$ cat entry-v1.cif   # mmCIF, C-alpha atoms
data_coords
#
loop_
_atom_site.label_atom_id
_atom_site.label_comp_id
_atom_site.auth_asym_id
_atom_site.auth_seq_id
_atom_site.Cartn_x
_atom_site.Cartn_y
_atom_site.Cartn_z
CA MET K 23 172.79 135.42 92.11
CA ASN K 24 171.78 137.73 95.00
CA GLN K 25 169.53 135.02 96.42
CA ASP K 26 172.40 132.52 96.22
CA ARG K 27 174.63 134.94 98.13
CA GLN K 28 171.97 135.37 100.79
CA ASP K 29 171.53 131.61 101.11
CA ARG K 30 175.26 131.12 101.49
CA SER K 31 175.50 133.88 104.09
CA ARG K 32 173.00 132.21 106.47
CA PRO K 33 175.29 129.38 107.66
CA ARG K 34 178.13 131.88 107.98
CA ALA K 35 176.03 134.13 110.20
CA ALA K 36 174.94 131.15 112.31
CA THR K 37 178.54 130.00 112.68
CA ALA K 38 179.65 133.48 113.75
CA ALA K 39 176.90 133.60 116.36
CA VAL K 40 177.94 130.23 117.79
CA LEU K 41 181.61 131.25 117.87
CA THR K 42 180.78 134.48 119.67
CA ALA K 43 178.76 132.58 122.26
CA VAL K 44 181.61 130.10 122.77
CA PHE K 45 184.04 133.01 123.11
CA CYS K 46 181.90 134.52 125.87
CA LEU K 47 181.86 131.21 127.76
CA LEU K 48 185.60 130.79 127.43
CA VAL K 49 186.35 134.28 128.71
CA THR K 50 184.07 133.72 131.70
CA ALA K 51 185.59 130.31 132.41
CA CYS K 52 189.12 131.69 132.24
CA GLY K 53 188.35 134.39 134.77
CA GLY K 54 189.15 137.15 132.31
CA GLY K 55 187.24 139.80 134.21
CA ALA K 56 184.68 142.07 132.61
CA SER K 57 183.66 141.35 129.06
CA GLY K 58 185.82 143.21 126.57
CA SER K 59 188.15 144.47 129.32
CA GLY K 60 190.68 146.87 127.88
CA GLY K 61 192.35 148.36 130.93
CA ALA K 62 190.47 147.54 134.13
CA GLY K 63 192.73 146.71 137.08
CA ASP K 64 192.75 143.53 139.17
CA PRO K 65 193.88 142.82 142.78
CA SER K 66 197.45 142.11 141.59
CA GLY K 67 197.74 145.64 140.23
CA ARG K 68 197.93 144.45 136.63
CA ARG K 69 195.62 145.63 133.86
CA SER K 70 193.11 143.01 132.70
CA VAL K 71 192.92 142.73 128.93
CA THR K 72 191.11 140.42 126.52
CA VAL K 73 192.57 139.53 123.13
CA ALA K 74 190.78 137.63 120.35
CA ALA K 75 193.47 135.92 118.28
CA SER K 76 193.16 133.71 115.20
CA ASP K 77 194.93 130.43 114.54
CA GLN K 78 197.00 131.80 111.66
CA LEU K 79 200.76 132.29 111.45
CA GLY K 80 200.43 136.03 110.91
CA GLY K 81 199.59 136.43 114.59
CA ALA K 82 202.56 134.37 115.79
CA PRO K 83 203.77 137.06 118.25
CA VAL K 84 200.53 136.67 120.21
CA HIS K 85 201.05 132.90 120.40
CA VAL K 86 204.65 133.38 121.59
CA ALA K 87 203.59 135.94 124.20
CA GLN K 88 200.94 133.59 125.54
CA GLU K 89 203.10 130.46 125.55
CA ARG K 90 205.99 132.22 127.28
CA SER K 91 203.80 134.24 129.71
CA LEU K 92 205.25 137.57 128.59
CA TRP K 93 202.22 139.76 129.39
CA ALA K 94 202.89 140.26 133.11
CA ALA K 95 206.20 142.04 132.45
CA ASP K 96 204.18 144.87 130.88
CA GLY K 97 201.66 144.95 133.71
CA LEU K 98 198.99 142.93 131.92
CA ASP K 99 196.73 140.09 132.99
CA ALA K 100 195.76 138.84 129.54
CA THR K 101 193.03 136.44 128.50
CA VAL K 102 193.72 135.27 124.94
CA THR K 103 191.19 133.21 123.04
CA THR K 104 192.05 131.75 119.64
CA LEU K 105 189.33 131.65 116.97
CA PRO K 106 189.34 130.03 113.49
CA THR K 107 189.64 133.23 111.42
CA GLY K 108 190.46 136.90 111.80
CA ARG K 109 186.88 137.65 110.81
CA ASP K 110 185.71 135.78 113.93
CA ALA K 111 188.23 137.68 116.05
CA LEU K 112 186.94 140.97 114.66
CA ASN K 113 183.37 139.96 115.47
CA ALA K 114 184.46 139.34 119.08
CA VAL K 115 185.87 142.87 119.26
CA LEU K 116 182.80 144.42 117.62
CA GLY K 117 180.56 142.46 119.97
CA GLY K 118 182.43 143.70 123.04
CA GLN K 119 183.83 140.29 124.04
CA ALA K 120 187.43 141.41 123.41
CA ALA K 121 189.26 144.71 123.60
CA PHE K 122 191.79 143.72 120.93
CA GLY K 123 191.66 141.45 117.90
CA VAL K 124 194.21 139.90 115.54
CA VAL K 125 192.56 140.22 112.14
CA GLY K 126 193.27 140.32 108.43
CA ASP K 127 193.30 143.52 106.43
CA LEU K 128 190.03 142.88 104.59
CA PRO K 129 187.85 142.37 107.72
CA ALA K 130 189.35 145.56 109.17
CA VAL K 131 188.58 147.47 105.97
CA THR K 132 184.96 146.32 105.82
CA ALA K 133 184.46 147.24 109.48
CA ALA K 134 185.85 150.72 108.84
CA LEU K 135 183.65 151.21 105.79
CA SER K 136 180.65 150.10 107.81
CA GLY K 137 181.34 152.80 110.39
CA ARG K 138 182.19 150.38 113.20
CA ASP K 139 184.09 151.66 116.23
CA VAL K 140 187.37 149.82 115.72
CA ARG K 141 190.85 151.14 114.91
CA ILE K 142 194.05 149.60 113.55
CA VAL K 143 196.89 149.97 116.06
CA ALA K 144 199.57 147.95 114.24
CA ASP K 145 200.38 145.94 111.14
CA LEU K 146 201.93 142.83 112.74
CA SER K 147 203.06 140.80 109.69
CA ARG K 148 202.98 140.46 105.91
CA PHE K 149 202.56 137.38 103.67
CA SER K 150 202.32 137.01 99.88
CA ASP K 151 202.88 133.30 99.05
CA TRP K 152 199.37 132.37 97.88
CA ARG K 153 198.08 129.36 95.93
CA LEU K 154 195.00 128.71 93.84
CA LEU K 155 194.17 125.06 94.53
CA THR K 156 192.63 122.99 91.76
CA ARG K 157 192.56 119.52 90.15
CA THR K 158 194.49 118.23 87.17
CA ASP K 159 191.25 117.06 85.54
CA ARG K 160 189.86 120.62 85.51
CA GLY K 161 192.48 121.93 83.09
CA ILE K 162 193.01 125.21 84.93
CA THR K 163 196.53 126.17 83.95
CA GLY K 164 196.11 129.95 84.27
CA PHE K 165 193.86 132.37 86.13
CA GLY K 166 192.03 133.21 82.90
CA ALA K 167 190.74 129.63 82.83
CA LEU K 168 188.64 130.36 85.93
CA LYS K 169 185.99 132.06 83.80
CA GLY K 170 182.69 130.21 84.20
CA ARG K 171 184.08 127.92 86.93
CA LYS K 172 183.00 127.27 90.53
CA VAL K 173 185.53 128.57 93.04
CA GLY K 174 185.35 127.91 96.78
CA VAL K 175 186.53 130.63 99.16
CA PRO K 176 185.84 131.74 102.77
CA GLN K 177 184.10 135.04 102.09
CA GLY K 178 184.74 138.00 104.35
CA THR K 179 188.38 137.04 104.94
CA ASN K 180 191.68 138.07 103.36
CA VAL K 181 191.38 134.99 101.19
CA GLU K 182 188.42 136.48 99.32
CA TYR K 183 190.52 139.52 98.44
CA ALA K 184 193.38 137.24 97.36
CA LEU K 185 190.95 135.58 94.92
CA SER K 186 189.87 138.99 93.61
CA ARG K 187 193.52 139.84 92.85
CA MET K 188 194.00 136.50 91.08
CA LEU K 189 190.96 137.22 88.93
CA ALA K 190 192.08 140.77 88.24
CA SER K 191 195.43 139.49 86.99
CA ALA K 192 193.46 137.86 84.15
CA GLN K 193 191.05 140.81 83.69
CA LEU K 194 188.25 138.89 85.41
CA THR K 195 185.96 139.73 88.33
CA ALA K 196 183.79 137.70 90.69
CA ALA K 197 180.94 138.13 88.20
CA ASP K 198 182.87 135.90 85.78
CA ILE K 199 182.86 132.91 88.16
CA THR K 200 180.49 131.19 90.57
CA VAL K 201 181.70 131.95 94.08
CA VAL K 202 180.95 129.20 96.63
CA ASN K 203 181.24 130.37 100.23
CA LEU K 204 183.07 127.73 102.28
CA ALA K 205 184.75 127.64 105.65
CA PRO K 206 188.55 127.49 105.33
CA ASN K 207 188.61 123.80 106.27
CA GLN K 208 185.86 122.91 103.78
CA VAL K 209 187.71 123.87 100.59
CA THR K 210 189.76 120.66 100.45
CA ALA K 211 186.74 118.37 100.77
CA ALA K 212 184.79 120.37 98.18
CA LEU K 213 187.68 119.99 95.73
CA ALA K 214 187.98 116.27 96.44
CA ARG K 215 184.24 115.74 95.81
CA GLY K 216 184.34 117.85 92.68
CA ASP K 217 181.84 120.36 94.08
CA VAL K 218 184.15 123.18 93.01
CA ASP K 219 186.70 123.46 90.22
CA ALA K 220 189.18 125.47 92.27
CA GLY K 221 189.56 126.98 95.71
CA VAL K 222 191.50 129.54 97.70
CA THR K 223 192.01 129.02 101.42
CA PHE K 224 194.51 129.67 104.19
CA PRO K 225 198.01 128.27 103.63
CA SER K 226 197.60 125.94 106.62
CA PHE K 227 195.26 123.83 104.44
CA TYR K 228 197.54 123.50 101.39
CA ASP K 229 199.09 120.23 102.58
CA ALA K 230 195.69 118.73 103.38
CA ALA K 231 194.55 119.45 99.83
CA ARG K 232 197.73 117.95 98.39
CA THR K 233 197.22 114.79 100.46
CA ALA K 234 193.50 114.45 99.71
CA LEU K 235 193.82 114.96 95.95
CA ALA K 236 197.09 113.02 95.54
CA ASP K 237 197.96 112.80 91.83
CA ARG K 238 194.93 114.98 90.96
CA TYR K 239 196.37 117.92 92.91
CA ALA K 240 197.34 121.07 91.04
CA GLU K 241 198.08 124.62 92.13
CA LEU K 242 198.79 128.03 90.66
CA PRO K 243 201.19 130.21 92.72
CA PHE K 244 200.27 133.87 93.19
CA SER K 245 202.29 136.65 94.82
CA GLY K 246 200.25 139.64 93.67
CA TYR K 247 198.66 140.31 97.04
CA THR K 248 200.34 140.95 100.38
CA ALA K 249 198.08 139.90 103.22
CA ARG K 250 198.58 141.87 106.42
CA THR K 251 197.78 140.65 109.91
CA LEU K 252 196.57 143.63 111.94
CA LEU K 253 196.08 144.30 115.62
CA VAL K 254 192.84 146.24 116.06
CA ALA K 255 191.42 147.92 119.15
CA GLY K 256 187.78 148.20 120.06
CA ALA K 257 185.93 151.01 121.79
CA LYS K 258 186.84 149.81 125.30
CA ALA K 259 190.61 149.71 124.70
CA ASP K 260 192.46 152.67 126.20
CA ASP K 261 195.79 153.93 124.84
CA ALA K 262 197.84 152.90 127.87
CA THR K 263 196.66 149.30 127.62
CA ALA K 264 197.15 149.27 123.86
CA THR K 265 200.74 150.47 124.35
CA ALA K 266 201.38 147.74 126.93
CA VAL K 267 199.96 145.08 124.58
CA LEU K 268 202.21 146.30 121.77
CA ARG K 269 205.28 146.30 124.02
CA THR K 270 204.55 142.68 124.89
CA LEU K 271 204.17 141.72 121.24
CA LEU K 272 207.39 143.53 120.30
CA ARG K 273 209.24 141.57 122.98
CA ALA K 274 207.62 138.37 121.73
CA GLN K 275 208.86 139.14 118.24
CA LYS K 276 212.42 139.65 119.52
CA ALA K 277 212.18 136.34 121.38
CA ALA K 278 211.03 134.64 118.16
CA GLU K 279 213.94 136.12 116.22
CA ALA K 280 216.39 134.96 118.88
CA ASP K 281 215.06 131.40 118.99
CA PRO K 282 213.00 130.55 115.87
CA ALA K 283 212.61 126.88 116.80
CA ALA K 284 211.12 127.73 120.20
CA ALA K 285 208.83 130.27 118.55
CA ARG K 286 207.55 127.66 116.10
CA ALA K 287 206.90 125.26 118.97
CA ALA K 288 204.96 127.99 120.79
CA VAL K 289 202.79 128.65 117.74
CA VAL K 290 201.99 124.94 117.35
CA ALA K 291 201.17 124.58 121.06
CA GLN K 292 198.94 127.67 121.20
CA SER K 293 197.03 126.72 118.03
CA LYS K 294 195.85 123.59 119.89
CA GLY K 295 195.91 121.34 116.86
CA ALA K 296 194.85 123.87 114.22
CA LEU K 297 198.41 124.28 112.92
CA GLN K 298 200.71 121.34 112.29
CA ALA K 299 204.44 121.42 112.99
CA GLY K 300 205.37 120.69 109.37
CA TYR K 301 203.31 123.60 108.10
CA VAL K 302 204.70 126.02 110.70
CA GLU K 303 208.26 124.90 109.91
CA ALA K 304 207.75 125.51 106.18
CA PHE K 305 205.68 128.69 106.21
CA GLN K 306 206.70 130.81 109.19
CA PRO K 307 209.90 131.95 107.41
CA ARG K 308 207.70 133.25 104.58
CA TYR K 309 206.09 135.83 106.86
CA ALA K 310 207.67 139.24 107.45
CA TYR K 311 207.07 140.18 111.09
CA GLY K 312 207.44 143.50 112.85
CA ALA K 313 204.77 145.90 114.12
CA THR K 314 204.52 148.94 111.83
CA LEU K 315 202.16 151.62 110.55
CA SER K 316 203.44 152.62 107.11
CA PRO K 317 202.42 154.53 103.96
CA GLU K 318 202.34 151.17 102.16
CA LEU K 319 199.64 150.02 104.57
CA LEU K 320 197.57 153.14 103.83
CA THR K 321 197.84 152.55 100.08
CA GLN K 322 196.74 148.95 100.42
CA LEU K 323 193.83 149.80 102.71
CA ALA K 324 192.61 152.41 100.20
CA ASP K 325 192.82 149.89 97.34
CA GLU K 326 190.97 147.24 99.33
CA GLY K 327 188.42 149.79 100.42
CA ALA K 328 187.63 150.68 96.82
CA TRP K 329 187.23 146.99 95.98
CA ALA K 330 185.07 146.29 99.06
CA LYS K 331 182.77 149.22 98.30
CA ALA K 332 182.09 147.84 94.83
CA ALA K 333 181.93 144.15 95.81
CA GLN K 334 179.89 144.52 99.00
CA SER K 335 177.98 147.76 98.36
CA LEU K 336 179.47 149.45 101.43
CA THR K 337 178.81 153.15 101.80
CA GLY K 338 181.78 154.46 103.81
CA SER K 339 184.55 156.52 102.25
CA ALA K 340 187.69 154.74 101.02
CA ASP K 341 189.28 157.94 99.78
CA ARG K 342 193.00 158.10 100.62
CA ALA K 343 192.31 161.14 102.78
CA ALA K 344 189.83 159.15 104.89
CA VAL K 345 191.97 156.05 105.44
CA PRO K 346 194.31 157.53 108.11
CA GLY K 347 191.22 157.91 110.27
CA TRP K 348 191.03 154.12 110.41
CA LEU K 349 194.31 154.06 112.35
CA ARG K 350 195.15 154.71 116.00
CA PRO K 351 198.91 155.39 115.87
CA GLY K 352 199.43 156.76 119.40
CA PRO K 353 200.05 153.43 121.17
CA LEU K 354 202.63 152.19 118.64
CA LYS K 355 204.38 155.59 118.69
CA ALA K 356 204.67 155.21 122.45
CA ALA K 357 205.92 151.61 122.21
CA ASP K 358 208.28 152.05 119.25
CA PRO K 359 208.37 155.56 117.70
CA ALA K 360 210.42 154.45 114.68
CA ALA K 361 207.75 151.92 113.67
CA VAL K 362 205.23 154.65 112.77
CA THR K 363 206.04 156.28 109.42
CA VAL K 364 202.59 157.58 108.55
CA GLY K 365 201.82 161.26 109.06
#

$ encode --input "entry-v1.cif" --output "structure tokens"
Amino acid sequence: MNQDRQDRSRPRAATAAVLTAVFCLLVTACGGGASGSGGAGDPSGRRSVTVAASDQLGGAPVHVAQERSLWAADGLDATVTTLPTGRDALNAVLGGQAAFGVVGDLPAVTAALSGRDVRIVADLSRFSDWRLLTRTDRGITGFGALKGRKVGVPQGTNVEYALSRMLASAQLTAADITVVNLAPNQVTAALARGDVDAGVTFPSFYDAARTALADRYAELPFSGYTARTLLVAGAKADDATATAVLRTLLRAQKAAEADPAAARAAVVAQSKGALQAGYVEAFQPRYAYGATLSPELLTQLADEGAWAKAAQSLTGSADRAAVPGWLRPGPLKAADPAAVTVG
């Protein structure tokens, strides 16, 4: 089993390396200034800042800010690059290619437990409308039926934790199934070929699975896990720049609330084909947006930390007393004092 995990991790590591290299080229081509810039000035007097986003709906305020050119009003010259997953965005921050990243809660937790120099500056959105995708000919009518089955999932992302919660709801763990590590866009094809019995992936791929499997398509809804899209800051991000970034995103959120249709169009445009209009129309209302740092976030991070330590043999502390150290609340307090309710 350990050897299988190692074999599956090799293509993931190679993919991450390629994505990081592409990110570097894009930042250079876009004239984003110094790598990982988190506050350096430019001739216009604005602060240069690099943001690694991901093409998921949870980070919609970043897409709106970019599409509507909102950064300059807060004194920022922003270079935003969109990557396939929050895990890839986190790797860009850890590698110094971006000062800020839009990531899921699980990648942020594993980075904290690994002692990496990254801090959570805001919880941007929440989502809990998950699906286990499967086929009618597999007879999986409940999560308990996953025992002994092959399940495809993009490991290292929020989706892996969503699967763990599905299993736990039936008193199962990952040891009770065969986990197949797949990229988010590979789950549908694996199901169609019959390589896996079930799969969990990002909601943007639900419709593709339904289309590919046609009358063989089946799903199990699950709302027992709230995924959080977080804004994290790397070592090169100073508080003043982080506050300016958050002010921009708060204004983007207000703009989205005032004109939801325009916000959805901005998300589709900025995803550059990764998100389809029909999906954005259906799923964006299912996200709860608004930058916060709350006690509920701390509780969830501690729970995920305990799971990650056991599942991935991480050595850092996930004790509730240690989790506040994973946050950097100063910038959000400066941008919106009422949004910070943690001590």

$ atom_distance --input "entry-v1.cif" --atom1 "CA of Ser316 (chain K)" --atom2 "CA of Lys276 (chain K)"
20.1 Å

$ atom_distance --input "entry-v1.cif" --atom1 "CA of Leu146 (chain K)" --atom2 "CA of Asp341 (chain K)"
23.6 Å

$ atom_distance --input "entry-v1.cif" --atom1 "CA of Arg350 (chain K)" --atom2 "CA of Arg141 (chain K)"
5.7 Å

$ resolve_selection --input "entry-v1.cif" --expression "the PyMOL selection byres ((chain K and resi 179) around 12)" --output "number ranges by chain"
K: 34, 76, 106-112, 125-133, 175-178, 180-186, 203-206, 222-224, 249-251, 326, 330

$ write_last_selection --input "entry-v1.cif" --atoms "C-alpha atoms" --output "short mmCIF file (atom, residue, chain, number, x, y, z; two decimals), in the coordinates of the input"
data_model
loop_
_atom_site.label_atom_id
_atom_site.label_comp_id
_atom_site.auth_asym_id
_atom_site.auth_seq_id
_atom_site.Cartn_x
_atom_site.Cartn_y
_atom_site.Cartn_z
CA ARG K 34 178.13 131.88 107.98
CA SER K 76 193.16 133.71 115.20
CA PRO K 106 189.34 130.03 113.49
CA THR K 107 189.64 133.23 111.42
CA GLY K 108 190.46 136.90 111.80
CA ARG K 109 186.88 137.65 110.81
CA ASP K 110 185.71 135.78 113.93
CA ALA K 111 188.23 137.68 116.05
CA LEU K 112 186.94 140.97 114.66
CA VAL K 125 192.56 140.22 112.14
CA GLY K 126 193.27 140.32 108.43
CA ASP K 127 193.30 143.52 106.43
CA LEU K 128 190.03 142.88 104.59
CA PRO K 129 187.85 142.37 107.72
CA ALA K 130 189.35 145.56 109.17
CA VAL K 131 188.58 147.47 105.97
CA THR K 132 184.96 146.32 105.82
CA ALA K 133 184.46 147.24 109.48
CA VAL K 175 186.53 130.63 99.16
CA PRO K 176 185.84 131.74 102.77
CA GLN K 177 184.10 135.04 102.09
CA GLY K 178 184.74 138.00 104.35
CA ASN K 180 191.68 138.07 103.36
CA VAL K 181 191.38 134.99 101.19
CA GLU K 182 188.42 136.48 99.32
CA TYR K 183 190.52 139.52 98.44
CA ALA K 184 193.38 137.24 97.36
CA LEU K 185 190.95 135.58 94.92
CA SER K 186 189.87 138.99 93.61
CA ASN K 203 181.24 130.37 100.23
CA LEU K 204 183.07 127.73 102.28
CA ALA K 205 184.75 127.64 105.65
CA PRO K 206 188.55 127.49 105.33
CA VAL K 222 191.50 129.54 97.70
CA THR K 223 192.01 129.02 101.42
CA PHE K 224 194.51 129.67 104.19
CA ALA K 249 198.08 139.90 103.22
CA ARG K 250 198.58 141.87 106.42
CA THR K 251 197.78 140.65 109.91
CA GLU K 326 190.97 147.24 99.33
CA ALA K 330 185.07 146.29 99.06
#

$ residues_around --input "entry-v1.cif" --residues "Thr321 (chain K)" --least-positions-apart "3" --cutoff "12 Å" --atoms "all atoms listed in the file" --output "PyMOL selection string"
chain K and resi 127+248+315-318+324-328+340-346+364

$ resolve_selection --input "entry-v1.cif" --expression "the PyMOL selection byres ((chain K and resi 243) around 10)" --output "PDB file with C-alpha atoms, in the frame of the given file"
ATOM      1  CA  SER K 150     202.320 137.010  99.880  1.00  0.00           C
ATOM      2  CA  ASP K 151     202.880 133.300  99.050  1.00  0.00           C
ATOM      3  CA  TRP K 152     199.370 132.370  97.880  1.00  0.00           C
ATOM      4  CA  ARG K 153     198.080 129.360  95.930  1.00  0.00           C
ATOM      5  CA  LEU K 154     195.000 128.710  93.840  1.00  0.00           C
ATOM      6  CA  LEU K 155     194.170 125.060  94.530  1.00  0.00           C
ATOM      7  CA  GLY K 164     196.110 129.950  84.270  1.00  0.00           C
ATOM      8  CA  MET K 188     194.000 136.500  91.080  1.00  0.00           C
ATOM      9  CA  GLU K 241     198.080 124.620  92.130  1.00  0.00           C
ATOM     10  CA  LEU K 242     198.790 128.030  90.660  1.00  0.00           C
ATOM     11  CA  PHE K 244     200.270 133.870  93.190  1.00  0.00           C
ATOM     12  CA  SER K 245     202.290 136.650  94.820  1.00  0.00           C
ATOM     13  CA  GLY K 246     200.250 139.640  93.670  1.00  0.00           C
TER      14      GLY K 246
END

$ closest_atom_pairs --input "entry-v1.cif" --of "region 169-278 of chain K" --to "region 296-303 of chain K" --cutoff "12 Å" --atoms "all atoms listed in the file" --output "tab-separated table"
residue	atom	partner	partner_atom	distance
K:Pro206	CA	K:Ala296	CA	11.5
K:Asn207	CA	K:Ala296	CA	10.1
K:Phe224	CA	K:Leu297	CA	11.0
K:Pro225	CA	K:Tyr301	CA	8.4
K:Ser226	CA	K:Tyr301	CA	6.3
K:Phe227	CA	K:Tyr301	CA	8.8
K:Tyr228	CA	K:Tyr301	CA	8.9
K:Asp229	CA	K:Tyr301	CA	7.7
K:Ala230	CA	K:Tyr301	CA	10.2

$ closest_residue --input "entry-v1.cif" --among "K:Arg238, K:Val73, K:Leu268, K:Gly221" --to "Gln208 (chain K)" --atoms "only C-alpha atoms"
K:Gly221

$ residues_around --input "entry-v1.cif" --residues "Asp96 (chain K)" --least-positions-apart "2" --cutoff "10 Å" --atoms "only C-alpha atoms" --output "MDAnalysis selection string"
chainID K and resid 68:69 92:94 98:99 263 265:270 273

$ axis_aligned_box --input "entry-v1.cif" --around "region 119-123 of chain K" --padding-each-side "6 Å" --output "AutoDock Vina command-line options"
--center_x 187.8 --center_y 142.5 --center_z 121.0 --size_x 20.0 --size_y 16.4 --size_z 18.1

$ residues_around --input "entry-v1.cif" --residues "Leu253 (chain K)" --least-positions-apart "4" --cutoff "6 Å" --atoms "only C-alpha atoms" --output "PyMOL selection string"
chain K and resi 123-124+143-144

$ resolve_selection --input "entry-v1.cif" --expression "the PyMOL selection byres ((chain K and resi 147) around 7)" --output "VMD selection string"
chain K and resid 80 145 to 146 148 to 149 250 to 251 309 to 313

$ closest_residue --input "entry-v1.cif" --among "K:Gly81, K:Gly166, K:Gly67, K:Gly338" --to "Leu252 (chain K)" --atoms "only C-alpha atoms"
K:Gly81

$ residues_around --input "entry-v1.cif" --residues "Ala257 (chain K)" --least-positions-apart "5" --cutoff "9 Å" --atoms "only C-alpha atoms" --output "list in words"
Gly60, Val115, Leu116, Gly118, Ala121, Asp139, Val140 and Arg141 of chain K

$ decode --input "entry-v1.cif" --residues "region 212-224 of chain K" --atoms "C-alpha atoms" --output "PDB file, in the first residue's frame"
ATOM      1  CA  ALA K 212     -11.820   6.938 -14.822  1.00  0.00           C
ATOM      2  CA  LEU K 213     -15.469   6.385 -13.892  1.00  0.00           C
ATOM      3  CA  ALA K 214     -16.496   6.062 -17.533  1.00  0.00           C
ATOM      4  CA  ARG K 215     -13.790   3.440 -18.177  1.00  0.00           C
ATOM      5  CA  GLY K 216     -14.659   1.578 -15.006  1.00  0.00           C
ATOM      6  CA  ASP K 217     -11.179   2.089 -13.535  1.00  0.00           C
ATOM      7  CA  VAL K 218     -12.781   3.248 -10.286  1.00  0.00           C
ATOM      8  CA  ASP K 219     -16.098   2.437  -8.656  1.00  0.00           C
ATOM      9  CA  ALA K 220     -16.677   5.954  -7.365  1.00  0.00           C
ATOM     10  CA  GLY K 221     -15.004   9.336  -7.297  1.00  0.00           C
ATOM     11  CA  VAL K 222     -14.984  12.681  -5.533  1.00  0.00           C
ATOM     12  CA  THR K 223     -13.894  15.779  -7.415  1.00  0.00           C
ATOM     13  CA  PHE K 224     -14.556  19.502  -7.644  1.00  0.00           C
TER      14      PHE K 224
END
